[in-house]
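K.L.:
Just dropping this structure here.
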Amino acid sequence: MKKQVKTALIWSFVIVMLFIMYVPILILIIYSFTDAKALGVWNGFSFELYKNLFTDSEIMGALGNSLILAAVSATLATVLGTAAAVGIYYMKRRKKSASEFVANITMENAEIVTGVAFMMFFLAVNIHYGWAALIIAHTIITVPYVILSVTPKLSQINPNLYEAGLDLGASPVGSMLKVVVPQLIPGMLSGFIMAFTLSLDDFIVSKFINGGVETIPIYLYNALAKRGADPTLRALSSVLFVAVLSVLIALNVVSAKRRKKAVV
Amino acid sequence: MPAPREKFDNIIEIKNVSKVFDGITVVDNVNLAVRRGEFVTLLGPSGCGKTTLLRMIAGFEMPTSGSIFLEKQDVTTMPPHLRPINTVFQKYALFPHLNVFKNIAFGLKLKRIPTGEYDKKGKPIYRKFTKDEIAEKVERVLKLVNLEAYGHRDITGLSGGQQQRIAIARAIVCEPKVLLLDEPLGALDLKMRKEMQLELAAMHKNIGITFIFVTHDQEEALTMSDKIVVMTDGAVQQYGTPKNIYDEPANAFVADFIGESNILSGVMKRDYLVEFCGAEFKCLDHGFGKDERVDLVVRPEDIKLDGKKGTLKGEVVSSVFKGTYYEMEILAAGYEFTVQNTVEFGVGSSVYLSVEPDGIHIMKKLKVVNEFDGVVTSENTVGFCGGEFEFINDKGFEKGDAVRVKIPFDKVELTDDEEDGIIGANVTQTFYKGTYYQVQVYTDNDVDFFIDTVDEWDINDRVGIKIRPEDIEITAAVESSDEHDGLQATEAEGGND
């Protein structure tokens with residue numbers, strides 16, 4: 001009897017938590033299918049907001065910028081992060097923990113501090129705010145996440161694998177690319193996706209250094225500041241939410257399949 | 001013009017090779033020559049340096065000092081991917097992202113072979129293997145390891161034995177000059193291991209490649225090899241044929257490690273006569289000093305048992321049936337002999353033991369006295385091995401004198417509690433010598449101490465070392481004592497051959 005009460009309590013807690021977390025998003029999505037100006041008013045079902053969204057050149061421009069920035073910086077971060085993970089993994093104990101600590105700083109640091117630091121740094125080295133600054137900053141911010149997702153894969157690798165590549169005649173670089181990197185691809189992929197979504201999402205750092213380049217978060221912020229809650233933003237938020245959610249689900253399905261295959 | 005191939009030339013020569021990791025000597029001045037086509041096994045307990053030696057031959061580690069030659073060419077610093085040597089790794093190290101065929105083809109795809117033509121500068125032109133050539137070679141080697149239809153299979157779905165065969169196939173398809181095998185059978189179950197032992201030996205005969213095999217399993221080494229290298233503490237103890245090593249072990253360590261044996265301490269009365277356990281035995285050994293203390297080994301199957309007459313009288317302590325013979329522990333003259341006999345003598349019964357002369361193998365004792373260089377630190381203390389010991393100063397040594405310190409093995413006392421001793425040490429080896437144990441310990445300042453004791457100590461025990469003042473013998477240091485040490489060491493080694 002007591003046990004049943006306990007499970008009932010646990011479940012109701014979970015449900016309440018999920019409700020609080022997801023109901024606002026759900027409401028947003030529902031009301032993105034009506035063209036009422038204010039949230040909470042139902043004017044009948046319509047795709048009007050979506051039509052506005054996809055025809056608004058300003059939003060589409062910002063979306064394009066965000067996607068390009070995320071793709072470029074996530075690619076760079078994946079390459080750099082994987083190389084760093086391999087390097088750190090083979091370091092000796094003390095160097096290793098020092099490097100791990102340093103690599104994690106940008107992840108743990110308050111973003112506002114990172115943003116100000118980048119702003120001053122780019123000013124000092126005379127890099128103009130805009131594309132170059134954004135790409136450099138986003139790459140640096142997301143590299144630690146790639147390192148974090150690649151390192152566990154490294155520790156699963158048979159330590160002789162790299163040597164086996166050398167033994168069979170591959171050069172050190174060749175063995176790394178042909179033997180070690182293929183083992184790291186799942187980790188690199190999840191690192192890439194993490195870096196991609198983090199870059200899409202980033203507002204604080206970008207705001208300091210974007211120059212004239214408008215990404216989606218910056219567009220949203222500016223739009224809200226200038227015009228208040230534009231109903232089109234409901235559709236934009238819904239699209240972003242569904243897009244990120246489907247990527248995450250796809251990632252989970254793929255890794256579950258992989259695990260199943262490894263067990264069989 | 002390449003020199004004509006001699007049948008028995010040395011394919012690998014290892015000269016004075018040492019390897020030091022973080023101040024610890026793992027391989028200690030090893031010299032070794034491997035003949036073309038032989039199956040050589042590096043045998044020793046874990047941590048004896050055998051794998052490190054193998055990795056230096058493969059090129060994964062560089063010797064701290066010394067050189068390695070492959071077909072008379074110095075390859076000491078040549079990176080592994082340029083050496084015509086392939087390795088079968090302990091845990092196979094197959095590439096999980098490639099199927100069986102692609103795993104085996106990996107090395108072939110990277111290989112360049114001379115076309116027989118030369119460019120304008122007279123350099124030979126190289127080419128890759130064609131797809132058909134690769135396919136043909138892979139098929140052939142899959143046939144050799146009895147996995148013909150497995151080319152398209154995934155690595156992860158294969159059993160341990162199958163993965164092992166693929167690993168061997170992947171290495172030999174490159175036609176290396178030397179094949180290195182690092183405990184390749186360690187992960188297999190007993191039955192599979194026995195099968196693979198025979199298969200490997202057969203494969204070695206068929207393909208004629210030189211094999212260097214690493215194992216800690218003495219039985220495996222005895223069954224498969226042409227030659228065995230017995231190693232401990234990074235040094236080669238003995239190098240010879242399996243029969244040679246079994247019948248004529250160079251020292252107590254080898255005798256103890258290879259097969260079952262009774263290792264005893266004895267005294268050579270004269271040539272062909274040795275005394276142990278209070279009785280005299282005829283033997284085949286000569287050339288020792290009169291009354292020289294020696295180690296000797298008697299194999300369990302070489303002891304004859306008789307109910308009525310014999311050299312030693314003993315009592316059967318235990319008896320176990322081993323399929324074709326009985327293995328009995330027989331207590332005689334304070335030593336527990338292990339004896340194998342086809343006739344059982346019941347536990348508790350009296351029995352006489354005798355040994356034919358060819359059943360006794362005499363080995364020179366390495367040392368019976370610990371010798372160190374020390375410095376007198378006060379009127380009655382001397383410092384050596386990182387500690388200060390009291391001694392009886394009856395020769396008038398003064399503070400600061402450099403001295404030679406000698407302590408017989410049986411005068412060193414080990415204490416359970418490190419604090420009770422003057423210096424601390426770790427037990428590295430123990431041998432039962434009949435009535436006592438010979439214990440080897442390694443002190444904190446890298447010196448080996450030998451102790452003869454009746455107590456049994458476990459390897460890796462932390463102990464203290466204590467010596468009574470009257471047991472420390474001090475003599476003035478010989479000038480250039482380093483040279484003196486060197487000479488002694490070579491003498492001791494020479495005596496082992």
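Scheme for the structure tokens: letters A, B, ... for chains in order shown; per-chain residue numbers from 1; ligand numbers from 1 in order shown.
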Find the residues near segment 371-374 of chain B: any atom within 6 Å, counting only C-alpha atoms, skip ones fewer than 2 places away on the same chain, and give them as a PDB file with C-alpha atoms, in the first residue's frame.
P.N.:
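Output contents, as saved in part.pdb:
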ATOM      1  CA  GLY B 383      75.721   3.566   5.412  1.00  0.00           C
ATOM      2  CA  PHE B 384      74.678   1.479   2.404  1.00  0.00           C
ATOM      3  CA  ALA B 402      84.647   4.043   1.562  1.00  0.00           C
ATOM      4  CA  VAL B 403      84.149   0.373   2.326  1.00  0.00           C
ATOM      5  CA  ARG B 404      82.900  -2.883   0.834  1.00  0.00           C
ATOM      6  CA  VAL B 405      80.062  -4.430   2.854  1.00  0.00           C
ATOM      7  CA  LYS B 406      79.360  -8.172   2.797  1.00  0.00           C
TER       8      LYS B 406
END
K.L.:
Enumerate as a ChimeraX atom specification the residues belonging to chain B that approach chain A to within 10 Å, with only C-alpha atoms taken into account.
P.N.:
/B:58-60,79-98,104-112,156-157,167,170-171,173-174,176
K.L.:
If we count only C-alpha atoms, what is near segment 215-231 of chain B at a cut-off of 7 Å, once residues fewer than 2 positions away on the same chain are taken out, given as a PyMOL selection string?
P.N.:
chain B and resi 38-46+48+50+183+197+201+213+233-242+254+258
K.L.:
Can I get the selection written as an mmCIF file, in the first residue's frame, with C-alpha atoms?
P.N.:
data_model
loop_
_atom_site.group_PDB
_atom_site.id
_atom_site.type_symbol
_atom_site.label_atom_id
_atom_site.label_comp_id
_atom_site.auth_asym_id
_atom_site.auth_seq_id
_atom_site.Cartn_x
_atom_site.Cartn_y
_atom_site.Cartn_z
ATOM 1 C CA GLU B 38 62.916 -20.241 -36.609
ATOM 2 C CA PHE B 39 60.045 -20.235 -34.146
ATOM 3 C CA VAL B 40 61.436 -18.387 -31.143
ATOM 4 C CA THR B 41 59.430 -17.890 -27.961
ATOM 5 C CA LEU B 42 60.056 -15.174 -25.398
ATOM 6 C CA LEU B 43 58.947 -16.767 -22.143
ATOM 7 C CA GLY B 44 58.709 -15.228 -18.713
ATOM 8 C CA PRO B 45 56.361 -14.118 -15.954
ATOM 9 C CA SER B 46 54.309 -10.969 -16.518
ATOM 10 C CA CYS B 48 59.631 -9.553 -17.204
ATOM 11 C CA LYS B 50 59.222 -9.780 -22.952
ATOM 12 C CA GLU B 183 50.406 -13.594 -26.313
ATOM 13 C CA GLN B 197 48.934 -23.977 -30.817
ATOM 14 C CA ALA B 201 53.120 -24.525 -35.395
ATOM 15 C CA PHE B 213 56.149 -15.482 -30.010
ATOM 16 C CA ASP B 233 63.566 -8.843 -14.547
ATOM 17 C CA GLY B 234 64.254 -7.648 -18.093
ATOM 18 C CA ALA B 235 67.228 -9.957 -18.578
ATOM 19 C CA VAL B 236 67.656 -13.147 -20.582
ATOM 20 C CA GLN B 237 68.177 -16.066 -18.205
ATOM 21 C CA GLN B 238 68.640 -18.751 -20.821
ATOM 22 C CA TYR B 239 68.346 -19.181 -24.577
ATOM 23 C CA GLY B 240 68.105 -22.641 -26.023
ATOM 24 C CA THR B 241 65.974 -25.418 -27.431
ATOM 25 C CA PRO B 242 62.990 -26.540 -25.322
ATOM 26 C CA VAL B 254 64.631 -21.257 -15.095
ATOM 27 C CA ILE B 258 59.921 -24.497 -16.704
#
K.L.:
Could you check which of A:Leu236, A:Leu220, A:Ile136, A:Val244 is closest to Met194 of chain A, using only C-alpha atoms?
P.N.:
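Using only C-alpha atoms, the shortest distance to Met194 of chain A belongs to A:Val244.
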K.L.:
Would you mind listing what lies within 6 Å of Gly314 of chain B as a ChimeraX atom specification, with only C-alpha atoms counted and same-chain residues fewer than 2 positions away left out?
P.N.:
/B:331-332,350-351
K.L.:
Please give the complete set of residues from segment 185-255 of chain B that DSSP, run on the backbone, assigns to helix (DSSP H, G or I), formatted as a VMD selection string.
P.N.:
chain B and resid 190 to 207 218 to 224 242 to 247 252 to 255
K.L.:
Take atom CA of Ile407 of chain B and atom CA of Ile474 of chain B and report the distance between them in Å, one decimal.
P.N.:
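Value for the atom CA of Ile407 of chain B-atom CA of Ile474 of chain B distance: 9.0 Å.
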K.L.:
Need to verify the contact set: segment 108-116 of chain A, 7 Å, only C-alpha atoms, exclusion of same-chain residues closer than 5 positions in sequence. Can you return it as an mmCIF file with C-alpha atoms, in the first residue's frame?
P.N.:
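As a result, around_39.cif now contains:
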data_model
loop_
_atom_site.group_PDB
_atom_site.id
_atom_site.type_symbol
_atom_site.label_atom_id
_atom_site.label_comp_id
_atom_site.auth_asym_id
_atom_site.auth_seq_id
_atom_site.Cartn_x
_atom_site.Cartn_y
_atom_site.Cartn_z
ATOM 1 C CA ILE A 204 24.803 36.526 -25.744
ATOM 2 C CA VAL A 205 28.220 36.100 -27.334
ATOM 3 C CA PHE A 208 28.610 41.508 -28.765
#
K.L.:
Atom CA of Asn262 of chain B to atom CA of Tyr335 of chain B: how many Å, to one decimal?
P.N.:
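Answer for the atom CA of Asn262 of chain B to atom CA of Tyr335 of chain B separation: 9.3 Å.
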K.L.:
Rank B:Arg270, B:Arg462, B:Lys121, B:Lys399 by their smallest atom-to-atom distance to Asp444 of chain B, using only C-alpha atoms, and report the top residue only.
P.N.:
B:Arg462
